[in-house]
>>> print(open('entry-v8.cif').read())   # mmCIF, C-alpha atoms
data_model
#
loop_
_atom_site.label_atom_id
_atom_site.label_comp_id
_atom_site.auth_asym_id
_atom_site.auth_seq_id
_atom_site.Cartn_x
_atom_site.Cartn_y
_atom_site.Cartn_z
CA MET W 8 311.79 60.98 113.80
CA ILE W 9 309.98 63.78 115.62
CA LEU W 10 312.03 66.11 117.80
CA TYR W 11 310.50 68.54 120.26
CA GLY W 12 311.97 71.99 120.58
CA THR W 13 311.29 75.43 121.93
CA ASN W 14 312.47 78.97 121.36
CA PRO W 15 314.10 81.23 123.95
CA ILE W 16 311.65 84.05 123.18
CA ALA W 17 309.39 82.44 125.78
CA TRP W 18 312.02 83.55 128.30
CA SER W 19 313.75 86.57 126.70
CA ASN W 20 312.33 88.32 123.63
CA ASP W 21 314.52 88.88 120.59
CA ASP W 22 312.65 91.89 119.18
CA ASP W 23 312.34 93.76 122.49
CA TRP W 24 315.24 92.84 124.73
CA SER W 25 313.57 94.46 127.74
CA ILE W 26 311.03 91.61 127.77
CA GLY W 27 312.64 88.86 129.83
CA ASP W 28 315.82 90.80 130.55
CA HIS W 29 315.57 89.56 134.15
CA LEU W 30 316.18 85.95 133.02
CA SER W 31 319.59 84.52 132.15
CA LEU W 32 320.49 81.99 129.48
CA ASP W 33 321.10 79.49 132.29
CA ASP W 34 317.54 80.06 133.54
CA CYS W 35 316.23 79.26 130.07
CA LEU W 36 318.38 76.22 129.35
CA THR W 37 317.92 74.75 132.81
CA ASP W 38 314.16 74.96 132.36
CA CYS W 39 314.42 73.34 128.92
CA ARG W 40 316.49 70.45 130.25
CA GLU W 41 314.19 69.82 133.19
CA ILE W 42 311.01 70.11 131.11
CA GLY W 43 312.40 67.57 128.65
CA PHE W 44 312.91 69.36 125.33
CA ASP W 45 315.20 67.81 122.73
CA GLY W 46 316.50 71.16 121.56
CA ILE W 47 316.06 74.88 121.20
CA GLU W 48 316.30 77.59 118.56
CA LYS W 49 318.71 80.55 118.58
CA GLY W 50 318.22 83.52 120.88
CA HIS W 51 320.16 86.73 121.43
CA LYS W 52 321.62 85.58 124.76
CA MET W 53 323.27 82.58 123.12
CA PRO W 54 326.82 82.52 121.70
CA ASP W 55 327.13 83.78 118.12
CA ASP W 56 329.87 81.26 117.36
CA GLY W 57 328.41 77.97 116.15
CA ALA W 58 330.87 75.66 117.87
CA ALA W 59 330.51 77.57 121.13
CA LEU W 60 326.73 77.35 120.87
CA LYS W 61 326.87 73.59 120.28
CA GLN W 62 329.02 73.18 123.36
CA ALA W 63 326.79 75.45 125.46
CA LEU W 64 323.62 73.59 124.53
CA GLY W 65 325.29 70.21 124.89
CA ALA W 66 326.07 71.00 128.51
CA TYR W 67 322.30 70.94 129.10
CA GLY W 68 321.64 67.90 126.90
CA LEU W 69 320.07 70.04 124.18
CA ARG W 70 320.45 70.18 120.41
CA PHE W 71 320.35 73.20 118.11
CA ALA W 72 316.98 73.18 116.36
CA ALA W 73 317.30 76.18 114.01
CA GLY W 74 317.90 79.91 113.89
CA TRP W 75 316.24 82.96 112.35
CA PHE W 76 317.85 84.40 109.21
CA SER W 77 316.64 87.77 107.93
CA THR W 78 316.75 87.96 104.15
CA ASN W 79 316.91 91.34 102.41
CA ILE W 80 316.09 90.24 98.88
CA LEU W 81 314.10 93.37 98.05
CA THR W 82 317.04 95.67 98.79
CA ASN W 83 320.23 93.63 98.23
CA ASP W 84 321.57 91.93 95.12
CA ILE W 85 321.49 88.14 95.16
CA GLU W 86 325.25 87.69 95.49
CA THR W 87 325.27 89.83 98.63
CA GLU W 88 322.45 87.71 100.00
CA LYS W 89 324.27 84.48 99.16
CA ALA W 90 327.35 85.67 101.02
CA ARG W 91 325.26 86.54 104.07
CA LEU W 92 323.48 83.19 103.86
CA LYS W 93 326.77 81.30 103.55
CA ALA W 94 327.94 82.79 106.84
CA TRP W 95 324.70 81.72 108.53
CA ILE W 96 324.91 78.23 107.05
CA ASP W 97 328.45 77.91 108.42
CA PHE W 98 327.17 78.97 111.84
CA THR W 99 324.20 76.59 111.67
CA GLN W 100 326.27 73.58 110.74
CA ALA W 101 328.92 74.35 113.37
CA ALA W 102 326.12 74.49 115.94
CA GLY W 103 324.94 71.05 114.86
CA GLY W 104 321.83 72.16 112.98
CA ASP W 105 320.57 71.66 109.45
CA HIS W 106 317.61 74.05 109.22
CA ILE W 107 317.32 77.81 108.71
CA ASN W 108 314.19 79.82 109.54
CA ALA W 109 314.16 82.55 106.91
CA CYS W 110 312.01 85.66 106.68
CA GLU W 111 312.24 88.75 104.46
CA CYS W 112 312.98 91.67 106.76
CA SER W 113 314.01 94.47 104.42
CA ASN W 114 310.72 96.25 105.15
CA THR W 115 309.06 94.37 108.00
CA VAL W 116 307.20 96.21 110.79
CA HIS W 117 307.00 93.37 113.30
CA GLY W 118 309.92 94.70 115.34
CA SER W 119 308.76 98.33 115.28
CA ASP W 120 306.88 99.29 118.42
CA GLY W 121 305.41 102.48 116.98
CA ILE W 122 303.92 100.94 113.84
CA PRO W 123 300.61 98.99 113.81
CA VAL W 124 301.04 95.44 112.60
CA ASN W 125 298.13 96.20 110.26
CA ASP W 126 300.45 98.56 108.36
CA ARG W 127 302.59 95.74 107.08
CA PRO W 128 304.28 96.05 103.68
CA ILE W 129 302.39 95.00 100.56
CA MET W 130 304.47 94.08 97.51
CA THR W 131 303.99 95.29 93.95
CA ASP W 132 303.94 92.72 91.17
CA ALA W 133 307.54 93.57 90.36
CA GLU W 134 308.53 93.01 93.98
CA TRP W 135 306.71 89.69 94.03
CA ASP W 136 308.78 88.59 91.03
CA ARG W 137 312.04 89.78 92.57
CA PHE W 138 311.33 88.22 95.94
CA SER W 139 310.10 84.84 94.68
CA THR W 140 312.97 84.47 92.21
CA GLY W 141 315.55 85.56 94.74
CA TYR W 142 314.25 83.35 97.51
CA GLU W 143 314.24 80.31 95.23
CA ALA W 144 317.86 81.03 94.33
CA LEU W 145 318.83 81.21 98.00
CA SER W 146 316.92 78.01 98.77
CA ALA W 147 318.71 76.18 95.96
CA TYR W 148 322.04 77.49 97.23
CA ALA W 149 321.33 76.32 100.76
CA HIS W 150 320.30 72.91 99.42
CA THR W 151 323.66 72.47 97.69
CA LEU W 152 325.34 73.06 101.06
CA GLY W 153 323.20 70.50 102.86
CA VAL W 154 320.85 72.85 104.70
CA LYS W 155 317.05 73.19 104.54
CA MET W 156 315.64 76.69 104.54
CA GLY W 157 311.98 77.11 105.46
CA TYR W 158 310.22 80.41 104.83
CA HIS W 159 308.62 81.78 107.99
CA HIS W 160 305.34 83.53 107.11
CA HIS W 161 304.98 86.10 109.87
CA MET W 162 302.77 88.90 111.13
CA GLY W 163 303.90 92.32 109.98
CA THR W 164 305.83 91.04 106.95
CA ILE W 165 305.29 90.63 103.22
CA ILE W 166 304.05 87.03 103.62
CA GLU W 167 301.30 87.08 106.25
CA SER W 168 297.87 86.13 104.86
CA ALA W 169 296.55 82.94 103.31
CA ALA W 170 296.62 84.67 99.91
CA ASP W 171 300.26 85.69 100.47
CA ILE W 172 301.28 82.13 101.32
CA ASP W 173 299.44 80.73 98.31
CA ARG W 174 300.93 83.23 95.88
CA PHE W 175 304.44 82.75 97.25
CA MET W 176 304.28 78.96 97.14
CA LYS W 177 302.91 79.11 93.59
CA MET W 178 305.50 81.57 92.32
CA ALA W 179 308.55 80.13 94.08
CA GLY W 180 310.32 77.16 92.55
CA PRO W 181 310.82 73.54 93.60
CA GLU W 182 313.60 74.24 96.12
CA THR W 183 311.47 76.60 98.23
CA ARG W 184 310.25 75.17 101.51
CA LEU W 185 307.77 76.50 104.07
CA LEU W 186 308.10 76.88 107.81
CA LEU W 187 304.51 76.31 108.93
CA ASP W 188 303.69 78.48 111.94
CA THR W 189 300.22 77.67 113.27
CA GLY W 190 299.86 80.89 115.26
CA HIS W 191 301.02 83.27 112.56
CA ALA W 192 298.78 81.46 110.08
CA TRP W 193 295.73 81.90 112.30
CA PHE W 194 296.55 85.52 113.20
CA GLY W 195 297.12 86.30 109.52
CA GLY W 196 293.67 84.99 108.60
CA ALA W 197 294.65 81.54 107.34
CA ASP W 198 293.43 78.15 108.57
CA PRO W 199 296.58 76.32 109.75
CA ALA W 200 295.08 72.95 108.78
CA GLU W 201 294.34 74.18 105.25
CA VAL W 202 297.88 75.49 104.89
CA ALA W 203 299.16 72.13 106.09
CA GLN W 204 296.91 70.23 103.68
CA LYS W 205 298.14 72.29 100.71
CA TYR W 206 301.84 72.41 101.44
CA MET W 207 302.89 69.74 103.91
CA ASP W 208 305.01 68.02 101.27
CA ARG W 209 307.04 71.27 101.17
CA VAL W 210 307.06 71.97 104.93
CA SER W 211 310.52 71.66 106.47
CA HIS W 212 309.84 72.91 110.01
CA ILE W 213 306.77 73.44 112.21
CA HIS W 214 306.23 76.13 114.84
CA CYS W 215 303.44 75.21 117.24
CA LYS W 216 302.18 78.61 118.36
CA ASN W 217 298.78 79.25 119.95
CA VAL W 218 296.78 82.51 119.90
CA ARG W 219 294.51 84.20 122.41
CA PRO W 220 291.76 85.48 120.08
CA ASP W 221 290.55 88.34 122.29
CA ILE W 222 294.01 89.87 122.40
CA ALA W 223 294.57 89.27 118.69
CA ARG W 224 291.32 91.16 118.08
CA GLN W 225 292.60 94.06 120.21
CA VAL W 226 295.75 94.22 118.08
CA ARG W 227 293.73 94.40 114.88
CA GLU W 228 290.92 96.70 116.02
CA GLN W 229 293.05 99.10 118.07
CA GLY W 230 295.88 99.33 115.54
CA LEU W 231 298.51 97.98 117.93
CA SER W 232 302.05 96.98 117.10
CA PHE W 233 303.12 93.36 116.97
CA LEU W 234 305.27 93.90 120.07
CA GLU W 235 302.37 95.38 122.01
CA GLY W 236 300.39 92.28 121.12
CA VAL W 237 303.21 90.15 122.51
CA ARG W 238 303.27 92.13 125.75
CA ARG W 239 299.50 91.79 126.15
CA GLY W 240 299.74 88.03 125.62
CA ALA W 241 298.49 87.45 122.08
CA PHE W 242 300.46 84.21 121.90
CA THR W 243 300.58 81.13 124.08
CA VAL W 244 301.41 77.43 123.99
CA PRO W 245 299.57 74.30 122.82
CA GLY W 246 297.19 73.08 125.48
CA ASP W 247 296.39 76.51 126.92
CA ALA W 248 292.60 76.73 127.26
CA GLU W 249 292.77 80.44 126.38
CA GLY W 250 294.19 79.60 122.94
CA VAL W 251 292.14 79.11 119.79
CA VAL W 252 294.44 77.13 117.47
CA ASP W 253 293.38 73.54 116.76
CA PHE W 254 296.63 71.60 116.49
CA ALA W 255 295.20 68.11 115.96
CA PRO W 256 294.30 68.52 112.24
CA VAL W 257 297.73 69.98 111.47
CA LEU W 258 299.51 67.11 113.22
CA LYS W 259 297.30 64.56 111.45
CA VAL W 260 298.19 66.03 108.06
CA ALA W 261 301.85 65.98 109.04
CA ALA W 262 301.52 62.29 109.95
CA GLN W 263 299.79 61.48 106.67
CA HIS W 264 302.65 63.09 104.75
CA GLY W 265 305.35 61.37 106.79
CA TYR W 266 306.72 64.58 108.26
CA THR W 267 309.94 64.18 110.20
CA GLY W 268 311.90 66.80 112.06
CA TRP W 269 311.14 69.46 114.61
CA LEU W 270 307.93 70.49 116.34
CA VAL W 271 308.92 73.74 118.02
CA ILE W 272 306.85 75.57 120.63
CA GLU W 273 307.53 79.13 119.54
CA ALA W 274 305.22 81.12 121.80
CA GLU W 275 306.52 84.47 122.97
CA GLN W 276 304.93 85.98 126.07
CA ASP W 277 306.02 88.48 128.68
CA SER W 278 307.94 86.15 130.99
CA ALA W 279 307.51 88.56 133.90
CA VAL W 280 303.75 88.01 133.62
CA ARG W 281 303.46 84.41 132.40
CA ASP W 282 306.02 82.01 133.84
CA PRO W 283 307.82 80.33 130.92
CA ARG W 284 308.61 77.19 132.91
CA GLN W 285 304.91 76.63 133.64
CA TYR W 286 303.69 77.38 130.12
CA GLN W 287 306.42 75.50 128.27
CA ASP W 288 305.91 72.43 130.45
CA LEU W 289 302.20 72.50 129.65
CA GLY W 290 302.91 73.03 125.96
CA LEU W 291 305.33 70.13 125.67
CA ARG W 292 303.09 67.68 127.51
CA GLU W 293 300.10 68.59 125.36
CA LEU W 294 302.07 68.64 122.12
CA LYS W 295 303.48 65.17 122.77
CA ARG W 296 300.03 63.87 123.60
CA MET W 297 298.50 65.33 120.43
CA ALA W 298 301.37 64.15 118.24
CA ALA W 299 300.95 60.60 119.57
CA GLU W 300 297.18 60.68 119.07
CA ALA W 301 297.64 61.98 115.52
CA GLY W 302 299.97 59.09 114.66
CA LEU W 303 302.80 61.54 114.01
CA ASP W 304 305.01 60.32 116.82
CA SER W 305 304.81 56.58 117.34
CA THR W 306 308.14 56.38 119.18
CA ARG W 307 307.00 58.15 122.34
CA ALA W 308 304.04 57.62 124.59
CA ALA W 309 301.81 60.59 125.21
CA VAL W 310 302.44 62.19 128.61
#
>>> encode(input="entry-v8.cif", output="structure tokens")
Amino acid sequence: MILYGTNPIAWSNDDDWSIGDHLSLDDCLTDCREIGFDGIEKGHKMPDDGAALKQALGAYGLRFAAGWFSTNILTNDIETEKARLKAWIDFTQAAGGDHINACECSNTVHGSDGIPVNDRPIMTDAEWDRFSTGYEALSAYAHTLGVKMGYHHHMGTIIESAADIDRFMKMAGPETRLLLDTGHAWFGGADPAEVAQKYMDRVSHIHCKNVRPDIARQVREQGLSFLEGVRRGAFTVPGDAEGVVDFAPVLKVAAQHGYTGWLVIEAEQDSAVRDPRQYQDLGLRELKRMAAEAGLDSTRAAV
């Protein structure tokens, strides 16, 4: 079954809380209910208690899609990381979810406004070994507790480029799964359809993010931070004519591999500039249409 979700960063940003501070959680969840989403991912304005979050989302007819978990494998020992992960698994399951969006954040620059996203961390061979081995151990641990953990390749982090994704997926073991983010793939220099073709049998979650290429070029050429790119509007939703990502091939590959689970519109923009209700409504309508045309979602008519 395909479920359609969104992320509250379209309303209120999680890396820079000043973006969208004028909007409440009720504003966000009311929009989501009226637009027609099945669920939503975790945001900083939501309850941090899993049961309370499940109740809060349920009041709007929404399910918990997933939440971000920052791993620190390059700085912590694995037992410390397992204990941290166990607490997040408990939260996830209490909220009614079964997926974790994981990303190594021990040295990321994506949340640092004064650092160009181009200056992201690059691992040594020893760090590659430590990270891949550690992440596989955490994935196996999550699996034993009934939770899927997809690695979120992301701008400004150790896994950003096509080469990074390939090396990670080759080095990591059989329990490691990938969160395929179309926008971060494109921005990082990868073809989202090629990533899908290579790894869809290991993809546990899909973020449907679009990119405005002119603004992405500004970020690269002017040495801007990731957050400045967000403020300028580097990202947008499926169906936006200003976006460059071709979603149809990705959705077709997903259909061919029998993908089930969430398609999440994770497209952060400055909500004071670009109305989230308008953009998310467009994104959901277009995503449903493309998923139906790709044969990925045969249970719903395109809208």
>>> residues_around(input="entry-v8.cif", residues="Gly236 of chain W", least_positions_apart="3", cutoff="12 Å", atoms="only C-alpha atoms", output="PyMOL selection string")
chain W and resi 117-120+122-125+162-163+194+218-233+239-243+275-277
>>> closest_atom_pairs(input="entry-v8.cif", of="segment 190-293 of chain W", to="segment 182-185 of chain W", cutoff="9 Å", atoms="only C-alpha atoms", output="Markdown table")
| residue | atom | partner | partner_atom | distance |
| --- | --- | --- | --- | --- |
| W:Tyr206 | CA | W:Leu185 | CA | 7.7 |
| W:Met207 | CA | W:Leu185 | CA | 8.3 |
| W:Asp208 | CA | W:Arg184 | CA | 8.9 |
| W:Arg209 | CA | W:Arg184 | CA | 5.1 |
| W:Val210 | CA | W:Leu185 | CA | 4.7 |
| W:Ser211 | CA | W:Leu185 | CA | 6.1 |
| W:His212 | CA | W:Leu185 | CA | 7.2 |
| W:Ile213 | CA | W:Leu185 | CA | 8.8 |
>>> closest_residue(input="entry-v8.cif", among="W:Val154, W:Cys39, W:Ala203, W:Met8", to="Gln263 of chain W", atoms="only C-alpha atoms")
W:Ala203
>>> atom_distance(input="entry-v8.cif", atom1="atom CA of Tyr11 of chain W", atom2="atom CA of Asn108 of chain W")
16.0 Å
>>> residues_near_point(input="entry-v8.cif", point="(312.7, 88.4, 117.9)", cutoff="9 Å", atoms="all atoms listed in the file", output="list in words")
Ile16, Asn20, Asp21, Asp22, Asp23, Trp24, Gly50, His51, Trp75, His117, Gly118 and Glu275 of chain W
>>> residues_around(input="entry-v8.cif", residues="His159 of chain W", least_positions_apart="2", cutoff="6 Å", atoms="all atoms listed in the file", output="JSON, numbers by chain")
{"W": [109, 110, 161, 186]}
>>> resolve_selection(input="entry-v8.cif", expression="the PyMOL selection byres ((chain W and resi 97) around 12)", output="list in words")
Asp55, Asp56, Gly57, Ala58, Ala90, Arg91, Leu92, Lys93, Ala94, Trp95, Ile96, Phe98, Thr99, Gln100, Ala101, Ala102, Gly103, Gly104, Asp105, His106, Ile107, Ala149, Leu152, Gly153 and Val154 of chain W
>>> write_last_selection(input="entry-v8.cif", atoms="C-alpha atoms", output="mmCIF file, in the coordinates of the input")
data_model
loop_
_atom_site.group_PDB
_atom_site.id
_atom_site.type_symbol
_atom_site.label_atom_id
_atom_site.label_comp_id
_atom_site.auth_asym_id
_atom_site.auth_seq_id
_atom_site.Cartn_x
_atom_site.Cartn_y
_atom_site.Cartn_z
ATOM 1 C CA ASP W 55 327.130 83.780 118.120
ATOM 2 C CA ASP W 56 329.870 81.260 117.360
ATOM 3 C CA GLY W 57 328.410 77.970 116.150
ATOM 4 C CA ALA W 58 330.870 75.660 117.870
ATOM 5 C CA ALA W 90 327.350 85.670 101.020
ATOM 6 C CA ARG W 91 325.260 86.540 104.070
ATOM 7 C CA LEU W 92 323.480 83.190 103.860
ATOM 8 C CA LYS W 93 326.770 81.300 103.550
ATOM 9 C CA ALA W 94 327.940 82.790 106.840
ATOM 10 C CA TRP W 95 324.700 81.720 108.530
ATOM 11 C CA ILE W 96 324.910 78.230 107.050
ATOM 12 C CA PHE W 98 327.170 78.970 111.840
ATOM 13 C CA THR W 99 324.200 76.590 111.670
ATOM 14 C CA GLN W 100 326.270 73.580 110.740
ATOM 15 C CA ALA W 101 328.920 74.350 113.370
ATOM 16 C CA ALA W 102 326.120 74.490 115.940
ATOM 17 C CA GLY W 103 324.940 71.050 114.860
ATOM 18 C CA GLY W 104 321.830 72.160 112.980
ATOM 19 C CA ASP W 105 320.570 71.660 109.450
ATOM 20 C CA HIS W 106 317.610 74.050 109.220
ATOM 21 C CA ILE W 107 317.320 77.810 108.710
ATOM 22 C CA ALA W 149 321.330 76.320 100.760
ATOM 23 C CA LEU W 152 325.340 73.060 101.060
ATOM 24 C CA GLY W 153 323.200 70.500 102.860
ATOM 25 C CA VAL W 154 320.850 72.850 104.700
#
>>> residues_around(input="entry-v8.cif", residues="segment 254-259 of chain W", least_positions_apart="2", cutoff="7 Å", atoms="only C-alpha atoms", output="VMD selection string")
chain W and resid 199 to 200 203 252 261 to 263 297 to 298 301 to 303
>>> residues_around(input="entry-v8.cif", residues="Cys215 of chain W", least_positions_apart="5", cutoff="10 Å", atoms="only C-alpha atoms", output="MDAnalysis selection string")
chainID W and resid 12:13 187:191 243:245 252 254 257:258 269:274 290 294
>>> resolve_selection(input="entry-v8.cif", expression="the PyMOL selection byres ((chain W and resi 46) around 10)", output="list in words")
Leu10, Tyr11, Gly12, Thr13, Asn14, Leu36, Cys39, Arg40, Gly43, Phe44, Asp45, Ile47, Glu48, Leu64, Gly65, Tyr67, Gly68, Leu69, Arg70, Phe71, Ala72, Ala73, Trp269 and Val271 of chain W
>>> closest_residue(input="entry-v8.cif", among="W:Ala133, W:His214, W:Thr87, W:Thr151", to="Gly268 of chain W", atoms="only C-alpha atoms")
W:His214
>>> atom_distance(input="entry-v8.cif", atom1="atom CA of Thr115 of chain W", atom2="atom CA of Thr78 of chain W")
10.7 Å
>>> residues_around(input="entry-v8.cif", residues="Met53 of chain W", least_positions_apart="6", cutoff="10 Å", atoms="all atoms listed in the file", output="list of chain:residue names")
W:Pro15, W:Ser31, W:Leu32, W:Asp33, W:Ala59, W:Leu60, W:Ala63, W:Leu64
>>> resolve_selection(input="entry-v8.cif", expression="the PyMOL selection byres ((chain W and resi 169-181) around 10)", output="VMD selection string")
chain W and resid 129 to 130 135 to 136 138 to 144 146 to 147 158 to 160 165 to 168 182 to 185 192 to 193 195 to 199 201 to 202 205 to 206 209
>>> atom_distance(input="entry-v8.cif", atom1="atom CA of Pro283 of chain W", atom2="atom CA of Lys52 of chain W")
16.0 Å
